[in-house]
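Student: Data file my_file-v3.tsv (TSV, C-alpha atoms and all ligand atoms) is appended below.
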```tsv
chain	number	residue	atom	x	y	z
L	1	MET	CA	-81.54	1.57	52.69
L	2	SER	CA	-79.26	-1.34	53.64
L	3	ARG	CA	-75.78	-0.60	55.01
L	4	ASP	CA	-72.73	-1.37	52.92
L	5	THR	CA	-70.53	-3.47	55.21
L	6	ASP	CA	-67.33	-2.71	53.28
L	7	PHE	CA	-67.90	1.05	53.27
L	8	PRO	CA	-64.43	2.61	53.67
L	9	ASP	CA	-63.81	4.54	56.90
L	10	GLN	CA	-60.92	6.60	55.56
L	11	ALA	CA	-59.32	7.90	52.38
L	12	LYS	CA	-56.74	10.51	51.44
L	13	ILE	CA	-59.27	12.40	49.33
L	14	VAL	CA	-63.08	12.30	49.33
L	15	ILE	CA	-65.00	13.80	46.42
L	16	ILE	CA	-68.63	14.71	47.09
L	17	GLY	CA	-70.76	14.38	43.94
L	18	GLY	CA	-70.84	11.86	41.09
L	19	GLY	CA	-71.70	14.20	38.21
L	20	ILE	CA	-69.37	14.98	35.33
L	21	ILE	CA	-67.22	17.26	37.52
L	22	GLY	CA	-66.79	14.76	40.38
L	23	CYS	CA	-66.02	11.88	38.00
L	24	SER	CA	-63.64	14.03	35.95
L	25	THR	CA	-61.83	15.07	39.14
L	26	ALA	CA	-61.55	11.40	40.16
L	27	TYR	CA	-60.35	10.38	36.67
L	28	HIS	CA	-57.65	13.07	36.61
L	29	LEU	CA	-56.49	12.32	40.17
L	30	GLY	CA	-56.12	8.69	39.05
L	31	LYS	CA	-54.04	9.83	36.06
L	32	MET	CA	-51.78	11.69	38.50
L	33	GLY	CA	-51.20	8.44	40.40
L	34	CYS	CA	-53.40	9.43	43.33
L	35	ASN	CA	-55.77	6.49	43.90
L	36	ASP	CA	-56.59	6.66	47.61
L	37	VAL	CA	-59.74	8.49	46.61
L	38	VAL	CA	-63.45	7.83	47.28
L	39	VAL	CA	-66.29	9.47	45.34
L	40	LEU	CA	-69.58	9.72	47.26
L	41	GLU	CA	-72.82	10.20	45.29
L	42	LYS	CA	-76.17	10.53	47.04
L	43	GLY	CA	-78.12	9.08	44.10
L	44	LYS	CA	-76.76	7.38	41.00
L	45	LEU	CA	-73.88	8.70	38.88
L	46	THR	CA	-75.09	11.53	36.59
L	47	SER	CA	-78.42	11.85	38.40
L	48	GLY	CA	-77.90	15.60	38.98
L	49	SER	CA	-77.66	18.32	36.30
L	50	THR	CA	-75.38	16.18	34.16
L	51	PHE	CA	-78.29	13.94	33.17
L	52	HIS	CA	-80.21	16.95	31.75
L	53	ALA	CA	-77.42	18.58	29.75
L	54	ALA	CA	-77.76	18.72	25.98
L	55	GLY	CA	-74.07	17.97	25.63
L	56	LEU	CA	-73.13	20.95	23.46
L	57	VAL	CA	-69.40	21.56	23.60
L	58	GLY	CA	-68.58	25.12	22.53
L	59	GLN	CA	-64.97	26.07	23.10
L	60	LEU	CA	-64.80	29.83	22.64
L	61	ARG	CA	-64.90	31.86	25.87
L	62	ALA	CA	-63.70	35.40	26.62
L	63	ASN	CA	-60.80	33.92	28.62
L	64	ALA	CA	-57.86	32.18	26.91
L	65	ASN	CA	-57.34	29.69	29.77
L	66	ILE	CA	-60.95	28.47	29.75
L	67	THR	CA	-60.88	28.19	25.93
L	68	GLN	CA	-57.70	26.11	26.22
L	69	LEU	CA	-59.34	23.91	28.89
L	70	LEU	CA	-62.36	23.33	26.62
L	71	GLY	CA	-59.95	22.40	23.82
L	72	TYR	CA	-58.50	19.80	26.17
L	73	SER	CA	-62.05	18.49	26.84
L	74	VAL	CA	-62.66	18.01	23.11
L	75	ASP	CA	-59.43	16.05	22.85
L	76	LEU	CA	-60.34	13.95	25.92
L	77	TYR	CA	-63.90	13.12	24.71
L	78	ARG	CA	-62.44	12.04	21.36
L	79	ARG	CA	-59.94	9.56	22.84
L	80	LEU	CA	-61.63	8.41	26.06
L	81	GLU	CA	-63.48	5.45	24.48
L	82	GLN	CA	-60.18	3.93	23.29
L	83	GLU	CA	-58.90	4.01	26.87
L	84	THR	CA	-61.99	2.94	28.84
L	85	GLY	CA	-64.05	1.00	26.28
L	86	LEU	CA	-67.06	3.27	26.98
L	87	ALA	CA	-68.17	5.66	24.24
L	88	THR	CA	-68.74	9.36	24.96
L	89	GLY	CA	-71.01	10.05	21.97
L	90	TRP	CA	-68.58	12.72	20.76
L	91	LYS	CA	-69.49	14.16	17.33
L	92	MET	CA	-67.41	17.00	15.95
L	93	ASN	CA	-70.23	18.51	13.89
L	94	GLY	CA	-69.09	22.10	14.38
L	95	GLY	CA	-71.04	25.02	15.84
L	96	LEU	CA	-72.80	27.92	14.09
L	97	ARG	CA	-73.22	31.36	15.68
L	98	LEU	CA	-75.87	33.50	14.01
L	99	ALA	CA	-76.15	37.30	13.76
L	100	CYS	CA	-79.59	38.68	12.92
L	101	ASN	CA	-78.70	42.36	13.31
L	102	GLN	CA	-75.66	44.62	12.76
L	103	ALA	CA	-74.80	44.92	16.46
L	104	ARG	CA	-74.69	41.14	16.85
L	105	TRP	CA	-72.67	40.84	13.63
L	106	THR	CA	-70.09	43.27	15.05
L	107	GLU	CA	-69.97	41.10	18.21
L	108	VAL	CA	-69.54	37.88	16.18
L	109	ARG	CA	-66.70	39.42	14.14
L	110	ARG	CA	-64.99	40.47	17.38
L	111	GLN	CA	-65.44	36.92	18.69
L	112	ALA	CA	-63.71	35.64	15.53
L	113	THR	CA	-60.74	37.92	16.21
L	114	THR	CA	-60.62	36.64	19.82
L	115	ALA	CA	-60.85	33.01	18.62
L	116	HIS	CA	-57.98	33.50	16.17
L	117	SER	CA	-55.82	35.08	18.89
L	118	PHE	CA	-56.45	31.92	21.01
L	119	GLY	CA	-55.48	29.69	18.04
L	120	LEU	CA	-59.06	28.49	17.50
L	121	GLN	CA	-60.46	28.27	13.96
L	122	MET	CA	-63.64	30.34	13.52
L	123	ASP	CA	-64.80	31.13	9.97
L	124	LEU	CA	-67.05	34.09	9.12
L	125	LEU	CA	-69.80	33.08	6.67
L	126	THR	CA	-72.36	34.81	4.46
L	127	PRO	CA	-76.01	33.83	5.05
L	128	SER	CA	-76.00	31.54	2.00
L	129	GLU	CA	-72.79	29.81	3.14
L	130	ALA	CA	-74.43	29.22	6.54
L	131	LEU	CA	-77.51	27.81	4.79
L	132	GLU	CA	-75.32	25.24	3.02
L	133	LEU	CA	-74.24	23.96	6.45
L	134	TRP	CA	-77.75	23.94	7.95
L	135	PRO	CA	-80.31	23.78	5.11
L	136	ILE	CA	-83.48	23.92	7.27
L	137	MET	CA	-82.65	27.46	8.45
L	138	ASP	CA	-84.66	30.57	7.46
L	139	ILE	CA	-82.01	33.13	6.49
L	140	SER	CA	-84.37	36.00	5.57
L	141	ASP	CA	-83.13	38.11	8.51
L	142	LEU	CA	-79.60	36.68	8.79
L	143	VAL	CA	-76.78	39.26	8.50
L	144	GLY	CA	-73.92	36.79	8.86
L	145	ALA	CA	-72.73	33.74	10.76
L	146	ALA	CA	-69.61	32.18	12.21
L	147	PHE	CA	-68.66	28.52	12.13
L	148	LEU	CA	-66.38	26.79	14.63
L	149	PRO	CA	-65.53	23.47	12.93
L	150	THR	CA	-64.05	21.81	16.03
L	151	ASP	CA	-67.09	22.38	18.30
L	152	GLY	CA	-69.48	19.48	18.73
L	153	GLN	CA	-71.78	17.43	20.88
L	154	ALA	CA	-71.36	14.50	23.26
L	155	ASN	CA	-73.56	12.53	25.64
L	156	PRO	CA	-72.88	13.92	29.15
L	157	SER	CA	-74.05	10.76	30.95
L	158	ASP	CA	-71.86	8.58	28.74
L	159	ILE	CA	-68.82	10.85	29.27
L	160	THR	CA	-69.38	10.61	33.03
L	161	GLN	CA	-69.63	6.80	32.98
L	162	SER	CA	-66.52	6.64	30.81
L	163	LEU	CA	-64.57	8.93	33.20
L	164	ALA	CA	-65.85	6.86	36.16
L	165	SER	CA	-64.67	3.70	34.45
L	166	GLY	CA	-61.21	5.24	33.93
L	167	ALA	CA	-61.13	6.31	37.59
L	168	ARG	CA	-62.10	2.80	38.77
L	169	LYS	CA	-59.37	1.31	36.58
L	170	ALA	CA	-56.90	3.54	38.46
L	171	GLY	CA	-58.14	2.05	41.76
L	172	ILE	CA	-60.53	4.81	42.82
L	173	GLN	CA	-63.70	3.80	44.69
L	174	ILE	CA	-67.02	5.23	43.57
L	175	ARG	CA	-69.92	4.78	46.00
L	176	GLU	CA	-73.51	5.47	44.91
L	177	ASP	CA	-76.52	5.97	47.20
L	178	VAL	CA	-74.33	7.61	49.84
L	179	GLU	CA	-75.43	11.05	51.02
L	180	VAL	CA	-73.08	13.23	53.05
L	181	SER	CA	-75.11	14.83	55.85
L	182	THR	CA	-72.56	16.56	58.11
L	183	ILE	CA	-68.87	17.45	57.96
L	184	SER	CA	-66.59	18.39	60.83
L	185	GLN	CA	-62.83	18.75	61.32
L	186	SER	CA	-60.97	16.88	64.04
L	187	GLY	CA	-58.09	18.29	66.11
L	188	SER	CA	-55.63	16.48	63.82
L	189	GLY	CA	-57.07	18.40	60.84
L	190	LEU	CA	-58.77	15.37	59.26
L	191	TRP	CA	-62.22	15.89	57.79
L	192	GLN	CA	-64.92	13.70	59.36
L	193	LEU	CA	-67.94	13.04	57.18
L	194	GLN	CA	-71.20	11.55	58.40
L	195	THR	CA	-72.98	9.75	55.57
L	196	THR	CA	-75.99	7.50	55.15
L	197	GLN	CA	-73.55	4.54	55.02
L	198	GLY	CA	-71.48	5.50	58.05
L	199	ARG	CA	-68.52	7.75	58.88
L	200	ILE	CA	-65.49	8.37	56.71
L	201	SER	CA	-62.46	10.60	57.37
L	202	CYS	CA	-60.09	12.16	54.85
L	203	GLU	CA	-57.23	14.63	54.50
L	204	LYS	CA	-58.70	16.52	51.57
L	205	LEU	CA	-62.29	17.12	50.61
L	206	VAL	CA	-63.40	18.13	47.11
L	207	ILE	CA	-66.91	19.53	46.75
L	208	CYS	CA	-68.31	18.65	43.30
L	209	ALA	CA	-71.95	18.78	44.32
L	210	GLY	CA	-73.12	21.06	41.48
L	211	GLN	CA	-76.20	23.06	42.47
L	212	TRP	CA	-76.05	21.50	45.95
L	213	SER	CA	-72.51	22.85	46.56
L	214	ARG	CA	-73.86	25.83	48.51
L	215	GLU	CA	-75.51	23.46	51.03
L	216	VAL	CA	-72.43	21.24	51.24
L	217	GLY	CA	-70.19	24.30	51.62
L	218	GLU	CA	-72.35	25.47	54.52
L	219	MET	CA	-71.51	22.18	56.32
L	220	VAL	CA	-67.90	23.41	56.58
L	221	GLY	CA	-68.71	27.11	57.00
L	222	VAL	CA	-67.74	28.00	53.43
L	223	ASN	CA	-69.96	30.37	51.48
L	224	VAL	CA	-70.28	29.03	47.92
L	225	PRO	CA	-71.80	31.92	45.94
L	226	LEU	CA	-74.04	29.75	43.80
L	227	VAL	CA	-77.75	29.86	43.06
L	228	SER	CA	-79.78	27.68	40.70
L	229	VAL	CA	-81.54	29.30	37.76
L	230	GLN	CA	-84.08	27.80	35.40
L	231	HIS	CA	-82.72	26.42	32.14
L	232	GLN	CA	-85.11	25.76	29.26
L	233	TYR	CA	-84.72	23.15	26.57
L	234	LEU	CA	-86.83	21.95	23.67
L	235	VAL	CA	-87.49	18.38	22.66
L	236	THR	CA	-88.64	18.21	19.04
L	237	GLU	CA	-90.15	15.60	16.79
L	238	GLN	CA	-88.18	14.80	13.66
L	239	ILE	CA	-88.03	17.84	11.35
L	240	ALA	CA	-88.19	17.23	7.60
L	241	GLY	CA	-84.79	17.86	6.00
B	1	LIG	C1	-81.32	21.58	30.65
B	1	LIG	C2	-79.82	21.72	30.76
B	1	LIG	C3	-79.04	21.76	29.59
B	1	LIG	C4	-77.65	21.90	29.68
B	1	LIG	N1	-76.93	21.86	28.52
B	1	LIG	C5	-75.57	21.97	28.57
B	1	LIG	C6	-74.80	21.88	27.36
B	1	LIG	O1	-75.32	21.72	26.27
B	1	LIG	N2	-73.44	21.98	27.48
B	1	LIG	C7	-72.80	22.14	28.70
B	1	LIG	O2	-71.57	22.21	28.74
B	1	LIG	N3	-73.53	22.21	29.85
B	1	LIG	C8	-74.87	22.12	29.81
B	1	LIG	N4	-75.60	22.18	30.98
B	1	LIG	C9	-74.87	22.39	32.25
B	1	LIG	C10	-74.32	21.06	32.77
B	1	LIG	O3	-75.36	20.12	32.87
B	1	LIG	C11	-73.68	21.28	34.14
B	1	LIG	O4	-72.74	22.33	34.10
B	1	LIG	C12	-72.95	20.04	34.63
B	1	LIG	O5	-73.72	18.87	34.46
B	1	LIG	C13	-72.60	20.20	36.10
B	1	LIG	O6	-71.99	19.01	36.55
B	1	LIG	P1	-71.69	18.79	38.07
B	1	LIG	O7	-70.96	17.50	38.21
B	1	LIG	O8	-71.06	20.03	38.63
B	1	LIG	O9	-73.14	18.73	38.78
B	1	LIG	P2	-74.20	17.54	38.89
B	1	LIG	O10	-74.30	16.74	37.65
B	1	LIG	O11	-75.48	18.15	39.40
B	1	LIG	O12	-73.56	16.61	40.00
B	1	LIG	C14	-73.57	16.93	41.36
B	1	LIG	C15	-73.85	15.63	42.10
B	1	LIG	O13	-73.66	15.85	43.51
B	1	LIG	C16	-74.55	14.98	44.18
B	1	LIG	N5	-74.69	15.48	45.56
B	1	LIG	C17	-75.21	16.68	45.95
B	1	LIG	N6	-75.19	16.78	47.29
B	1	LIG	C18	-74.66	15.63	47.77
B	1	LIG	C19	-74.40	15.14	49.08
B	1	LIG	N7	-74.70	15.85	50.19
B	1	LIG	N8	-73.86	13.89	49.21
B	1	LIG	C20	-73.55	13.15	48.11
B	1	LIG	N9	-73.79	13.58	46.83
B	1	LIG	C21	-74.33	14.79	46.67
B	1	LIG	C22	-75.83	15.08	43.36
B	1	LIG	O14	-76.68	13.99	43.56
B	1	LIG	C23	-75.30	15.16	41.93
B	1	LIG	O15	-75.29	13.91	41.26
B	1	LIG	C24	-77.01	22.03	30.94
B	1	LIG	C25	-77.77	21.99	32.11
B	1	LIG	C26	-79.16	21.83	32.03
B	1	LIG	C27	-79.95	21.77	33.32
```
If you convert what's in this file into structure tokens, what do you get?
Ligand SMILES: Cc1cc2nc3c(=O)[nH]c(=O)nc-3n(C[C@H](O)[C@H](O)[C@H](O)COP(=O)(O)OP(=O)(O)OC[C@H]3O[C@@H](n4cnc5c(N)ncnc54)[C@H](O)[C@@H]3O)c2cc1C
Tutor:
Amino acid sequence: MSRDTDFPDQAKIVIIGGGIIGCSTAYHLGKMGCNDVVVLEKGKLTSGSTFHAAGLVGQLRANANITQLLGYSVDLYRRLEQETGLATGWKMNGGLRLACNQARWTEVRRQATTAHSFGLQMDLLTPSEALELWPIMDISDLVGAAFLPTDGQANPSDITQSLASGARKAGIQIREDVEVSTISQSGSGLWQLQTTQGRISCEKLVICAGQWSREVGEMVGVNVPLVSVQHQYLVTEQIAG
């Protein structure tokens, strides 16, 4: 790999990882007026888990703060294209939760109560009402369903590129093909990073390395309690209807 001669040797903040989290962190730092920031990505932007995500955006969680944060994400994905010129693929098609037995139906009804207490619309539906929304479904064993009209789907790679574009507009540098290999701390407290493009020092270090965060954390003696698990997905042909 050829060396980048204008590779920066210092920054206030270095972010390790150019997935959706690293680029979102950079974008939001830029919004806060903090632009002495460099993002380092060992491959290309979105080449980690972000590339594989289906892009489903479901907002309801058991915790009010996380639900509120996901509501903010929906709002951001909706307006980001206007700001950066890059589309996010956001479609607010709503999300259906299905209950095929009484125990699950009790759980779904409790979720609806939780959603309402968080200010999130979640409508309980009969099987035939659910069928109207998704006509290819077999409802022979469906007890009930819930619909969250403001849930939806976006393209994770496009969101990341759009956030990166917003970050660049704020003056933030994003460097691809730069792998961080070691990290140490100098007597002055600055972080010293050795990378495949040379050394860079910074005051603050943000680890956004996704499933590699455990390894990066180990470089600074931090135990990141994270382990990868398999995640299945289906790719279908077009389905009639
Ligand atoms: C099949 C699948 C489906 C999914 N579907 C959904 C979904 O529908 N909805 C949803 O919300 N989530 C979904 N997810 C989860 C989602 O993809 C992740 O939560 C998200 O992409 C994590 O983003 P990230 O930025 O933390 O990690 P990543 O995208 O993995 O980014 C981390 C980056 O760090 C870089 N990096 C690592 N080590 C170093 C180093 N030493 N130096 C420099 N760079 C480094 C990597 O190259 C990588 O690009 C899905 C995941 C999978 C696998």
Student: Residues near L:Thr67, anyone? I mean within 12 Å using all atoms listed in the file, not counting same-chain ones fewer than 5 positions away, as JSON, numbers by chain.
Tutor: {"L": [57, 58, 59, 60, 61, 62, 72, 73, 74, 114, 115, 116, 117, 118, 119, 120, 121, 151]}
Student: Per residue of chain L within 7 Å of ligand LIG 1 (chain B), record the nearest atom pair and its distance in Å to one decimal, counting all atoms listed in the file, with rows in chain order and ascending residue number, as a tab-separated table.
Tutor:
```
residue	atom	partner	partner_atom	distance
L:Ile16	CA	B:LIG1	C20	5.3
L:Gly17	CA	B:LIG1	O13	3.3
L:Gly18	CA	B:LIG1	O15	4.9
L:Gly19	CA	B:LIG1	O7	3.4
L:Ile20	CA	B:LIG1	O7	4.1
L:Ile21	CA	B:LIG1	O7	3.8
L:Gly22	CA	B:LIG1	O7	5.4
L:Leu40	CA	B:LIG1	C20	5.3
L:Glu41	CA	B:LIG1	N9	3.8
L:Lys42	CA	B:LIG1	C20	3.9
L:Gly43	CA	B:LIG1	O14	5.1
L:Lys44	CA	B:LIG1	O15	6.7
L:Leu45	CA	B:LIG1	O15	5.9
L:Thr46	CA	B:LIG1	O15	5.2
L:Ser47	CA	B:LIG1	O15	4.7
L:Gly48	CA	B:LIG1	O11	3.5
L:Ser49	CA	B:LIG1	O11	3.8
L:Thr50	CA	B:LIG1	O5	3.2
L:Phe51	CA	B:LIG1	O10	6.6
L:His52	CA	B:LIG1	C1	4.9
L:Ala53	CA	B:LIG1	C4	3.3
L:Ala54	CA	B:LIG1	O1	3.9
L:Gly55	CA	B:LIG1	O1	4.0
L:Leu56	CA	B:LIG1	O1	3.6
L:Val57	CA	B:LIG1	O2	5.6
L:Val178	CA	B:LIG1	C20	5.9
L:Glu179	CA	B:LIG1	N8	3.7
L:Val180	CA	B:LIG1	N8	4.0
L:Ser181	CA	B:LIG1	N7	5.8
L:Cys208	CA	B:LIG1	O8	5.6
L:Ala209	CA	B:LIG1	O13	3.5
L:Gly210	CA	B:LIG1	O9	3.6
L:Gln211	CA	B:LIG1	O11	5.8
L:Trp212	CA	B:LIG1	C17	4.9
L:Ser213	CA	B:LIG1	N6	6.7
L:Val216	CA	B:LIG1	N7	5.9
L:His231	CA	B:LIG1	C1	5.3
L:Gln232	CA	B:LIG1	C1	5.8
L:Tyr233	CA	B:LIG1	C1	5.5
```
Student: Taking all atoms of stretch 10-26 of chain L that appear in the file, build a box with edges along x, y and z, extend it by 4 Å on every side, and state its centre and edge lengths in Å to one decimal, as AutoDock Vina command-line options.
Tutor:
```
--center_x -64.2 --center_y 11.9 --center_z 45.4 --size_x 23.0 --size_y 18.7 --size_z 28.2
```
Student: For the atom pair atom CA of L:Ala112 and atom CA of L:Ala146, what is the interatomic distance in Å to one decimal place?
Tutor: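 Separation between atom CA of L:Ala112 and atom CA of L:Ala146: 7.6 Å.
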Student: Using only C-alpha atoms, determine which residues lie at most 7 Å from stretch 134-142 of chain L, disregarding the query and same-chain residues fewer than 6 positions distant; provide the list as a PyMOL selection string.
Tutor: chain L and resi 99-100+127+241
Student: Between L:Thr5, L:Thr106, L:Ser162, L:Thr25, which is the closest to L:Arg78 once you count only C-alpha atoms?
Tutor: L:Ser162
Student: For stretch 188-198 of chain L, find every residue with an atom within 10 Å (counting all atoms listed in the file), except residues of its own chain fewer than 2 positions away, and show them as a PyMOL selection string.
Tutor: chain L and resi 1-10+12-14+40+42+175+177-186+200-205+219-220
Student: Could you check how far atom CA of L:Leu29 sits from atom CA of L:Ala170, in Å to one decimal?
Tutor: 9.0 Å
